[in-house]
file target12.txt (compact mmCIF, C-alpha atoms and all ligand atoms)
# COMPACT_ATOMS: atom_id res chain seq x y z
CA MET H 1 0.00 0.00 0.00
CA ILE H 2 1.25 3.46 -0.91
CA ASN H 3 0.95 6.15 1.78
CA ILE H 4 -0.96 9.21 0.60
CA TYR H 5 1.97 11.53 1.45
CA ASN H 6 4.50 9.39 -0.43
CA PRO H 7 3.29 9.22 -4.04
CA VAL H 8 5.36 7.18 -6.48
CA PHE H 9 4.84 9.34 -9.65
CA ILE H 10 4.29 7.21 -12.75
CA SER H 11 4.32 9.02 -16.09
CA LEU H 12 1.16 8.69 -18.22
CA SER H 13 3.32 7.55 -21.15
CA SER H 14 4.39 4.45 -19.22
CA PHE H 15 0.79 3.14 -19.34
CA SER H 16 -0.25 1.20 -22.45
CA ILE H 17 -3.14 2.47 -24.58
CA ILE H 18 -5.27 -0.45 -23.37
CA ASP H 19 -4.49 0.48 -19.73
CA LEU H 20 -5.46 4.10 -20.38
CA ILE H 21 -8.75 3.09 -22.06
CA ILE H 22 -9.64 0.75 -19.17
CA ILE H 23 -8.70 3.40 -16.56
CA SER H 24 -10.80 6.03 -18.40
CA ILE H 25 -13.86 3.78 -18.74
CA PHE H 26 -13.54 2.68 -15.11
CA PHE H 27 -13.36 6.20 -13.67
CA LEU H 28 -16.02 7.65 -16.03
CA SER H 29 -18.33 4.84 -14.88
CA ILE H 30 -17.55 5.60 -11.23
CA GLY H 31 -18.52 9.24 -11.94
CA SER H 32 -21.74 8.15 -13.62
CA PHE H 33 -22.58 5.85 -10.70
CA CYS H 34 -21.76 8.61 -8.20
CA SER H 35 -24.06 11.20 -9.79
CA SER H 36 -26.94 8.72 -10.05
CA ILE H 37 -26.53 7.89 -6.33
CA ILE H 38 -26.62 11.61 -5.48
CA PHE H 39 -29.84 12.08 -7.49
CA ARG H 40 -31.45 9.04 -5.87
CA LEU H 41 -30.43 9.96 -2.31
CA ALA H 42 -31.75 13.52 -2.69
CA PRO H 43 -34.70 13.97 -0.27
CA ASN H 44 -37.08 14.94 -3.11
CA SER H 45 -35.93 12.18 -5.51
CA PRO H 46 -38.76 10.38 -7.38
CA PHE H 47 -36.56 7.26 -7.74
CA PRO H 48 -35.43 5.03 -4.83
CA LEU H 49 -31.85 3.80 -4.51
CA SER H 50 -33.06 0.22 -5.10
CA LYS H 51 -34.36 1.00 -8.61
CA ILE H 52 -31.87 -0.68 -10.95
CA ARG H 53 -32.55 1.00 -14.31
CA SER H 54 -32.11 4.75 -14.77
CA CYS H 55 -35.14 6.76 -15.89
CA CYS H 56 -35.60 10.31 -17.12
CA PRO H 57 -36.61 12.41 -14.06
CA SER H 58 -39.06 14.42 -16.22
CA CYS H 59 -40.99 11.76 -18.20
CA SER H 60 -39.94 8.62 -16.19
CA LYS H 61 -39.16 6.71 -19.45
CA LYS H 62 -36.36 4.14 -19.18
CA ILE H 63 -33.05 5.35 -20.60
CA ASP H 64 -31.58 3.10 -23.34
CA ALA H 65 -28.35 1.27 -22.52
CA ILE H 66 -26.41 3.22 -25.18
CA ASN H 67 -27.48 6.55 -23.66
CA LEU H 68 -26.27 5.41 -20.26
CA ILE H 69 -22.65 5.24 -21.47
CA PRO H 70 -20.79 7.94 -19.50
CA LEU H 71 -20.14 11.21 -21.43
CA PHE H 72 -20.94 9.53 -24.77
CA GLY H 73 -24.64 9.12 -23.85
CA PHE H 74 -24.90 12.80 -22.89
CA MET H 75 -23.19 13.89 -26.13
CA ILE H 76 -25.25 11.77 -28.57
CA GLN H 77 -28.46 13.07 -26.96
CA SER H 78 -27.09 16.65 -27.11
CA GLY H 79 -27.84 16.95 -23.40
CA LYS H 80 -31.61 16.37 -23.87
CA CYS H 81 -33.96 13.43 -23.15
CA LYS H 82 -34.89 11.84 -26.49
CA PHE H 83 -38.49 11.25 -25.34
CA CYS H 84 -39.54 14.52 -23.72
CA ASN H 85 -36.71 16.81 -24.86
CA SER H 86 -36.09 18.07 -21.31
CA ASN H 87 -32.53 19.05 -20.44
CA ILE H 88 -30.35 16.40 -18.80
CA SER H 89 -28.51 17.86 -15.81
CA LYS H 90 -24.94 18.93 -16.63
CA PHE H 91 -24.04 17.54 -13.23
CA TYR H 92 -23.78 14.08 -14.88
CA PRO H 93 -20.99 14.92 -17.38
CA PHE H 94 -19.36 17.22 -14.77
CA THR H 95 -19.11 14.35 -12.25
CA GLU H 96 -17.92 11.89 -14.91
CA ILE H 97 -15.10 14.24 -16.00
CA PHE H 98 -14.27 14.99 -12.35
CA PHE H 99 -13.76 11.27 -11.63
CA LEU H 100 -11.81 10.78 -14.86
CA LEU H 101 -9.37 13.49 -13.71
CA ILE H 102 -9.26 11.99 -10.19
CA GLY H 103 -8.51 8.61 -11.80
CA ILE H 104 -5.60 10.03 -13.82
CA LEU H 105 -4.28 11.85 -10.74
CA LEU H 106 -4.50 8.77 -8.52
CA THR H 107 -3.10 6.19 -10.95
CA THR H 108 -0.15 8.43 -11.90
CA ASN H 109 0.61 9.07 -8.21
CA TYR H 110 -0.26 5.79 -6.53
CA GLY H 111 -0.30 3.25 -9.39
CA ILE H 112 -2.97 0.69 -10.17
CA GLY H 113 -3.65 -1.10 -6.91
CA LEU H 114 -5.47 -1.22 -3.59
CA SER H 115 -4.28 2.25 -2.48
CA THR H 116 -5.87 3.89 -5.52
CA ILE H 117 -9.11 1.96 -4.94
CA VAL H 118 -9.28 3.02 -1.27
CA TYR H 119 -8.59 6.69 -2.15
CA THR H 120 -11.26 6.50 -4.88
CA VAL H 121 -13.89 5.09 -2.49
CA ILE H 122 -13.13 7.83 0.06
CA ILE H 123 -13.33 10.59 -2.59
CA PHE H 124 -16.54 8.96 -3.85
CA CYS H 125 -18.10 9.14 -0.36
CA PHE H 126 -16.91 12.72 0.25
CA TYR H 127 -18.21 13.82 -3.16
CA ILE H 128 -21.70 12.43 -2.41
CA LEU H 129 -21.77 14.00 1.05
CA PHE H 130 -20.45 17.33 -0.25
CA PHE H 131 -23.25 17.79 -2.80
CA LEU H 132 -26.07 16.32 -0.68
CA ASP H 133 -25.17 18.61 2.21
CA TYR H 134 -24.64 21.62 -0.02
CA LYS H 135 -27.97 21.23 -1.79
CA TYR H 136 -30.21 19.57 0.85
CA LEU H 137 -28.32 19.87 4.18
CA TYR H 138 -28.40 16.08 4.26
CA LEU H 139 -25.57 13.76 5.34
CA PRO H 140 -26.64 10.09 5.08
CA VAL H 141 -25.38 8.28 8.18
CA TYR H 142 -24.27 5.08 6.37
CA ILE H 143 -21.94 7.04 4.05
CA ASN H 144 -20.53 8.90 7.08
CA LEU H 145 -19.96 5.57 8.84
CA LEU H 146 -18.28 4.10 5.76
CA ILE H 147 -15.72 6.94 5.92
CA VAL H 148 -15.10 6.19 9.63
CA LEU H 149 -14.66 2.49 8.84
CA LEU H 150 -12.22 3.14 5.96
CA GLY H 151 -10.24 5.67 8.03
CA ILE H 152 -9.82 3.31 11.00
CA THR H 153 -9.18 0.14 8.97
CA PHE H 154 -6.62 1.54 6.53
CA ASN H 155 -4.79 3.68 9.08
CA ALA H 156 -4.59 0.91 11.67
CA GLN H 157 -3.54 -1.71 9.13
CA TYR H 158 -1.47 0.22 6.57
CA GLN H 159 -0.95 3.77 7.99
CA LEU H 160 -2.37 4.96 4.69
CA PHE H 161 -3.04 8.58 5.70
CA ILE H 162 -0.50 8.92 8.49
CA ASP H 163 2.44 11.20 7.77
CA GLU H 164 5.88 10.27 9.11
CA THR H 165 5.83 12.84 11.93
CA PHE H 166 3.24 10.75 13.77
CA LEU H 167 5.34 7.63 13.50
CA ILE H 168 8.37 9.57 14.81
CA LEU H 169 6.24 10.77 17.76
CA GLY H 170 5.55 7.12 18.55
CA ILE H 171 1.74 7.34 18.23
CA ARG H 172 0.31 3.93 17.33
CA PRO H 173 -1.61 3.96 14.03
CA ILE H 174 -4.79 2.58 15.60
CA SER H 175 -4.67 5.28 18.32
CA PHE H 176 -4.14 7.91 15.60
CA ALA H 177 -7.41 6.86 13.92
CA PHE H 178 -9.43 6.37 17.12
CA TYR H 179 -8.29 9.63 18.75
CA GLY H 180 -9.17 11.37 15.47
CA LEU H 181 -12.65 9.83 15.55
CA PHE H 182 -13.15 10.60 19.23
CA PHE H 183 -11.92 14.21 19.16
CA GLY H 184 -13.65 14.93 15.83
CA TYR H 185 -17.03 13.71 17.02
CA SER H 186 -16.86 15.05 20.57
CA SER H 187 -15.51 18.51 19.68
CA LEU H 188 -18.50 19.34 17.46
CA TRP H 189 -20.86 17.67 19.94
CA LEU H 190 -19.46 19.91 22.70
CA ILE H 191 -19.66 23.07 20.57
CA ASN H 192 -23.28 22.21 19.79
CA LEU H 193 -24.02 21.60 23.48
CA ILE H 194 -22.71 25.06 24.41
CA PHE H 195 -24.73 26.58 21.56
CA LYS H 196 -27.84 24.69 22.72
CA VAL H 197 -27.50 25.91 26.31
CA ILE H 198 -27.26 29.53 25.12
CA LYS H 199 -29.65 29.54 22.14
CA LYS H 200 -32.04 26.70 23.20
CA LYS H 201 -31.73 25.02 19.78
CA ASP H 202 -29.22 22.86 17.84
CA GLY H 203 -26.50 24.79 16.02
CA ILE H 204 -24.83 21.87 14.24
CA GLY H 205 -26.49 18.80 12.72
CA GLY H 206 -25.77 15.32 14.13
CA GLY H 207 -24.47 14.23 10.70
CA ASP H 208 -21.69 16.81 11.04
CA PHE H 209 -20.45 15.17 14.29
CA ILE H 210 -19.99 11.79 12.56
CA LEU H 211 -18.53 13.38 9.43
CA PHE H 212 -15.94 15.29 11.49
CA GLY H 213 -15.21 12.06 13.41
CA GLY H 214 -14.67 10.34 10.04
CA ILE H 215 -12.36 13.13 8.89
CA GLY H 216 -10.51 12.70 12.21
CA SER H 217 -10.13 8.95 11.68
CA ILE H 218 -8.45 9.72 8.32
CA HIS H 219 -6.32 12.78 9.09
CA GLY H 220 -5.76 12.15 12.80
CA PRO H 221 -6.45 14.30 15.89
CA ILE H 222 -3.72 16.95 15.36
CA ALA H 223 -5.23 17.94 11.98
CA LEU H 224 -8.68 18.64 13.42
CA PRO H 225 -8.22 22.22 14.78
CA ALA H 226 -6.80 23.39 11.41
CA ILE H 227 -9.60 21.65 9.45
CA LEU H 228 -12.25 23.10 11.78
CA PHE H 229 -10.73 26.57 11.49
CA ILE H 230 -10.54 26.51 7.66
CA GLY H 231 -14.07 25.01 7.44
CA SER H 232 -15.52 27.67 9.75
CA PHE H 233 -13.71 30.41 7.81
CA LEU H 234 -15.18 29.13 4.52
CA GLY H 235 -18.60 28.91 6.20
CA CYS H 236 -18.30 32.57 7.33
CA LEU H 237 -17.40 33.65 3.78
CA TYR H 238 -20.40 31.72 2.46
CA PHE H 239 -22.64 33.30 5.09
CA ILE H 240 -21.48 36.80 4.13
CA PHE H 241 -21.56 36.42 0.34
CA SER H 242 -24.23 33.82 -0.46
CA LYS H 243 -27.89 34.74 -0.90
CA LYS H 244 -28.79 31.13 -0.04
CA ALA H 245 -27.38 31.50 3.47
CA VAL H 246 -29.85 34.29 4.34
CA ASN H 247 -32.42 31.84 5.75
CA GLY H 248 -29.85 30.85 8.34
CA GLU H 249 -28.82 27.26 7.59
CA LEU H 250 -25.30 26.49 6.48
CA PRO H 251 -24.03 23.32 4.74
CA PHE H 252 -21.25 23.00 7.34
CA GLY H 253 -20.47 19.41 6.30
CA SER H 254 -19.57 20.60 2.78
CA PHE H 255 -17.15 23.15 4.24
CA LEU H 256 -15.54 20.52 6.50
CA ILE H 257 -15.01 18.29 3.44
CA LEU H 258 -13.53 21.18 1.45
CA SER H 259 -11.26 22.20 4.33
CA SER H 260 -10.02 18.62 4.84
CA LEU H 261 -9.05 18.65 1.14
CA ILE H 262 -7.23 21.98 1.60
CA TYR H 263 -5.49 20.58 4.68
CA PHE H 264 -4.35 17.52 2.71
CA VAL H 265 -2.97 19.63 -0.18
CA LEU H 266 -1.11 21.97 2.23
CA ASN H 267 0.31 18.99 4.12
CA LEU H 268 1.38 17.32 0.86
CA MET H 269 3.10 20.53 -0.32
CA ASN H 270 4.81 20.85 3.05
CA PHE H 271 6.00 17.26 2.71
CA SER H 272 7.42 17.62 -0.77
CA PHE H 273 9.09 20.85 0.41
CA ILE H 274 10.77 19.16 3.40
CA ASN H 275 11.82 16.10 1.38
ZN ZN P 1 -37.67 12.50 -20.57

call {"tool": "encode", "arguments": {"input": "target12.txt", "output": "structure tokens"}}
result
Amino acid sequence: MINIYNPVFISLSSFSIIDLIIISIFFLSIGSFCSSIIFRLAPNSPFPLSKIRSCCPSCSKKIDAINLIPLFGFMIQSGKCKFCNSNISKFYPFTEIFFLLIGILLTTNYGIGLSTIVYTVIIFCFYILFFLDYKYLYLPVYINLLIVLLGITFNAQYQLFIDETFLILGIRPISFAFYGLFFGYSSLWLINLIFKVIKKKDGIGGGDFILFGGIGSIHGPIALPAILFIGSFLGCLYFIFSKKAVNGELPFGSFLILSSLIYFVLNLMNFSFIN
């Protein structure tokens, strides 16, 4: 397994054409799957998660297999349903291209293997949570718990997200993940408790506690204050500049996800600078 802070850097030209085609199809399909999950988990979705075949959300007609092919399906239909001519959301091709780029980034940094799969699943979960929280203030508990499970398992077993400083400090990998979970969950729970005593209502959703615990199980306890600070700062900016925030509710989970990404990039840059 390749630690996230120690990428191996493989040039794109060292992959064969067949490899590149398989990687592209794989990650475009992941993107397609991801956007359909987001649409189905949305609180106002007309289609349940259990429904196997995709349908047009406007006319409910089944979409042909050829039109379900990522990117290609959207292009041959010129972005419109062939039955009712309603526009197909651009979120589908956007998500497919996003995962294609993630796939290129991961395979050229971590190779084709279990590390890349684990990082993809975590990005997949964060992507779903980011958009569901941003649009509907909804963080499904089972996706939150999957992040916790991945964080604990892969840190305890392979130290996948643990940078060398922690190992030098002598912190055991399993403690790193569990302290992260504990401090992540309890810090937001405590902040909410104080808010509740003063304002007599909840200030932070319960989904945010578990999400921050999950982020803690991945990045460890020491990262949490910085992630919370950046997330709160982004939330303040959103509150000041967004018209959506006027009715008072903030997609705090989305900002925590964004700030954990910023934290990771800063840490990675710091690492490559030191090494
Ligand atoms: Zn239609």

call {"tool": "residues_near_ligand", "arguments": {"input": "target12.txt", "ligand": "ligand ZN 1 (chain P)", "cutoff": "10 Å", "atoms": "only C-alpha atoms and all ligand atoms", "output": "list in words"}}
result
Cys55, Cys56, Pro57, Ser58, Cys59, Ser60, Lys61, Lys62, Ile63, Lys80, Cys81, Lys82, Phe83, Cys84, Asn85, Ser86, Asn87 and Ile88 of chain H

call {"tool": "closest_residue", "arguments": {"input": "target12.txt", "among": "H:Gly231, H:Phe182, H:Cys236, H:Ser50", "to": "Gly248 in chain H", "atoms": "all atoms listed in the file"}}
result
H:Cys236

call {"tool": "closest_residue", "arguments": {"input": "target12.txt", "among": "H:Leu150, H:Ile104, H:Met1, H:Met75", "to": "Ser24 in chain H", "atoms": "all atoms listed in the file"}}
result
H:Ile104

call {"tool": "closest_residue", "arguments": {"input": "target12.txt", "among": "H:Pro7, H:Gly253, H:Gly79, H:Pro173", "to": "Ser115 in chain H", "atoms": "only C-alpha atoms"}}
result
H:Pro7

call {"tool": "closest_residue", "arguments": {"input": "target12.txt", "among": "H:Ala177, H:Asn270, H:Arg172, H:Tyr136", "to": "Glu249 in chain H", "atoms": "all atoms listed in the file"}}
result
H:Tyr136

call {"tool": "closest_residue", "arguments": {"input": "target12.txt", "among": "H:Lys199, H:His219, H:Arg40, H:Lys90", "to": "Asn267 in chain H", "atoms": "all atoms listed in the file"}}
result
H:His219

call {"tool": "atom_distance", "arguments": {"input": "target12.txt", "atom1": "CA of Ile152 in chain H", "atom2": "CA of Gly180 in chain H"}}
result
9.2 Å

call {"tool": "residues_around", "arguments": {"input": "target12.txt", "residues": "range 200-208 of chain H", "least_positions_apart": "4", "cutoff": "8 Å", "atoms": "only C-alpha atoms", "output": "list in words"}}
result
Tyr138, Leu139, Pro140, Val141, Asn144, Leu188, Trp189, Asn192, Leu193, Phe195, Lys196, Phe212, Phe252 and Gly253 of chain H

call {"tool": "build_atoms", "arguments": {"input": "target12.txt", "residues": "range 236-259 of chain H", "atoms": "N, CA and C atoms", "output": "mmCIF file, in the frame of the given file"}}
result
data_model
loop_
_atom_site.group_PDB
_atom_site.id
_atom_site.type_symbol
_atom_site.label_atom_id
_atom_site.label_comp_id
_atom_site.auth_asym_id
_atom_site.auth_seq_id
_atom_site.Cartn_x
_atom_site.Cartn_y
_atom_site.Cartn_z
ATOM 1 N N CYS H 236 -18.066 31.127 7.094
ATOM 2 C CA CYS H 236 -18.300 32.570 7.330
ATOM 3 C C CYS H 236 -18.356 33.308 6.002
ATOM 4 N N LEU H 237 -17.421 32.992 5.099
ATOM 5 C CA LEU H 237 -17.400 33.650 3.780
ATOM 6 C C LEU H 237 -18.714 33.380 3.039
ATOM 7 N N TYR H 238 -19.157 32.112 3.124
ATOM 8 C CA TYR H 238 -20.400 31.720 2.460
ATOM 9 C C TYR H 238 -21.574 32.503 3.055
ATOM 10 N N PHE H 239 -21.560 32.618 4.380
ATOM 11 C CA PHE H 239 -22.640 33.300 5.090
ATOM 12 C C PHE H 239 -22.712 34.775 4.678
ATOM 13 N N ILE H 240 -21.537 35.373 4.479
ATOM 14 C CA ILE H 240 -21.480 36.800 4.130
ATOM 15 C C ILE H 240 -21.899 37.014 2.670
ATOM 16 N N PHE H 241 -21.397 36.140 1.775
ATOM 17 C CA PHE H 241 -21.560 36.420 0.340
ATOM 18 C C PHE H 241 -22.707 35.676 -0.353
ATOM 19 N N SER H 242 -23.218 34.588 0.257
ATOM 20 C CA SER H 242 -24.230 33.820 -0.460
ATOM 21 C C SER H 242 -25.643 34.278 -0.113
ATOM 22 N N LYS H 243 -26.477 34.377 -1.120
ATOM 23 C CA LYS H 243 -27.890 34.740 -0.900
ATOM 24 C C LYS H 243 -28.628 33.570 -0.252
ATOM 25 N N LYS H 244 -28.131 32.336 -0.563
ATOM 26 C CA LYS H 244 -28.790 31.130 -0.040
ATOM 27 C C LYS H 244 -28.711 31.056 1.478
ATOM 28 N N ALA H 245 -27.624 31.637 2.033
ATOM 29 C CA ALA H 245 -27.380 31.500 3.470
ATOM 30 C C ALA H 245 -28.277 32.435 4.287
ATOM 31 N N VAL H 246 -29.047 33.296 3.624
ATOM 32 C CA VAL H 246 -29.850 34.290 4.340
ATOM 33 C C VAL H 246 -30.852 33.631 5.282
ATOM 34 N N ASN H 247 -31.449 32.488 4.858
ATOM 35 C CA ASN H 247 -32.420 31.840 5.750
ATOM 36 C C ASN H 247 -31.772 31.058 6.894
ATOM 37 N N GLY H 248 -30.482 31.269 7.087
ATOM 38 C CA GLY H 248 -29.850 30.850 8.340
ATOM 39 C C GLY H 248 -29.115 29.524 8.356
ATOM 40 N N GLU H 249 -29.471 28.571 7.482
ATOM 41 C CA GLU H 249 -28.820 27.260 7.590
ATOM 42 C C GLU H 249 -27.617 27.161 6.659
ATOM 43 N N LEU H 250 -26.585 26.531 7.173
ATOM 44 C CA LEU H 250 -25.300 26.490 6.480
ATOM 45 C C LEU H 250 -24.908 25.034 6.207
ATOM 46 N N PRO H 251 -24.480 24.698 4.978
ATOM 47 C CA PRO H 251 -24.030 23.320 4.740
ATOM 48 C C PRO H 251 -22.627 23.104 5.322
ATOM 49 N N PHE H 252 -22.553 23.038 6.661
ATOM 50 C CA PHE H 252 -21.250 23.000 7.340
ATOM 51 C C PHE H 252 -20.448 21.765 6.943
ATOM 52 N N GLY H 253 -21.154 20.638 6.711
ATOM 53 C CA GLY H 253 -20.470 19.410 6.300
ATOM 54 C C GLY H 253 -19.679 19.612 5.019
ATOM 55 N N SER H 254 -20.270 20.328 4.053
ATOM 56 C CA SER H 254 -19.570 20.600 2.780
ATOM 57 C C SER H 254 -18.289 21.380 3.032
ATOM 58 N N PHE H 255 -18.349 22.345 3.962
ATOM 59 C CA PHE H 255 -17.150 23.150 4.240
ATOM 60 C C PHE H 255 -16.080 22.327 4.964
ATOM 61 N N LEU H 256 -16.512 21.403 5.813
ATOM 62 C CA LEU H 256 -15.540 20.520 6.500
ATOM 63 C C LEU H 256 -14.832 19.631 5.472
ATOM 64 N N ILE H 257 -15.599 19.144 4.474
ATOM 65 C CA ILE H 257 -15.010 18.290 3.440
ATOM 66 C C ILE H 257 -14.005 19.092 2.611
ATOM 67 N N LEU H 258 -14.411 20.318 2.232
ATOM 68 C CA LEU H 258 -13.530 21.180 1.450
ATOM 69 C C LEU H 258 -12.264 21.530 2.247
ATOM 70 N N SER H 259 -12.425 21.811 3.539
ATOM 71 C CA SER H 259 -11.260 22.200 4.330
ATOM 72 C C SER H 259 -10.341 21.004 4.583
#
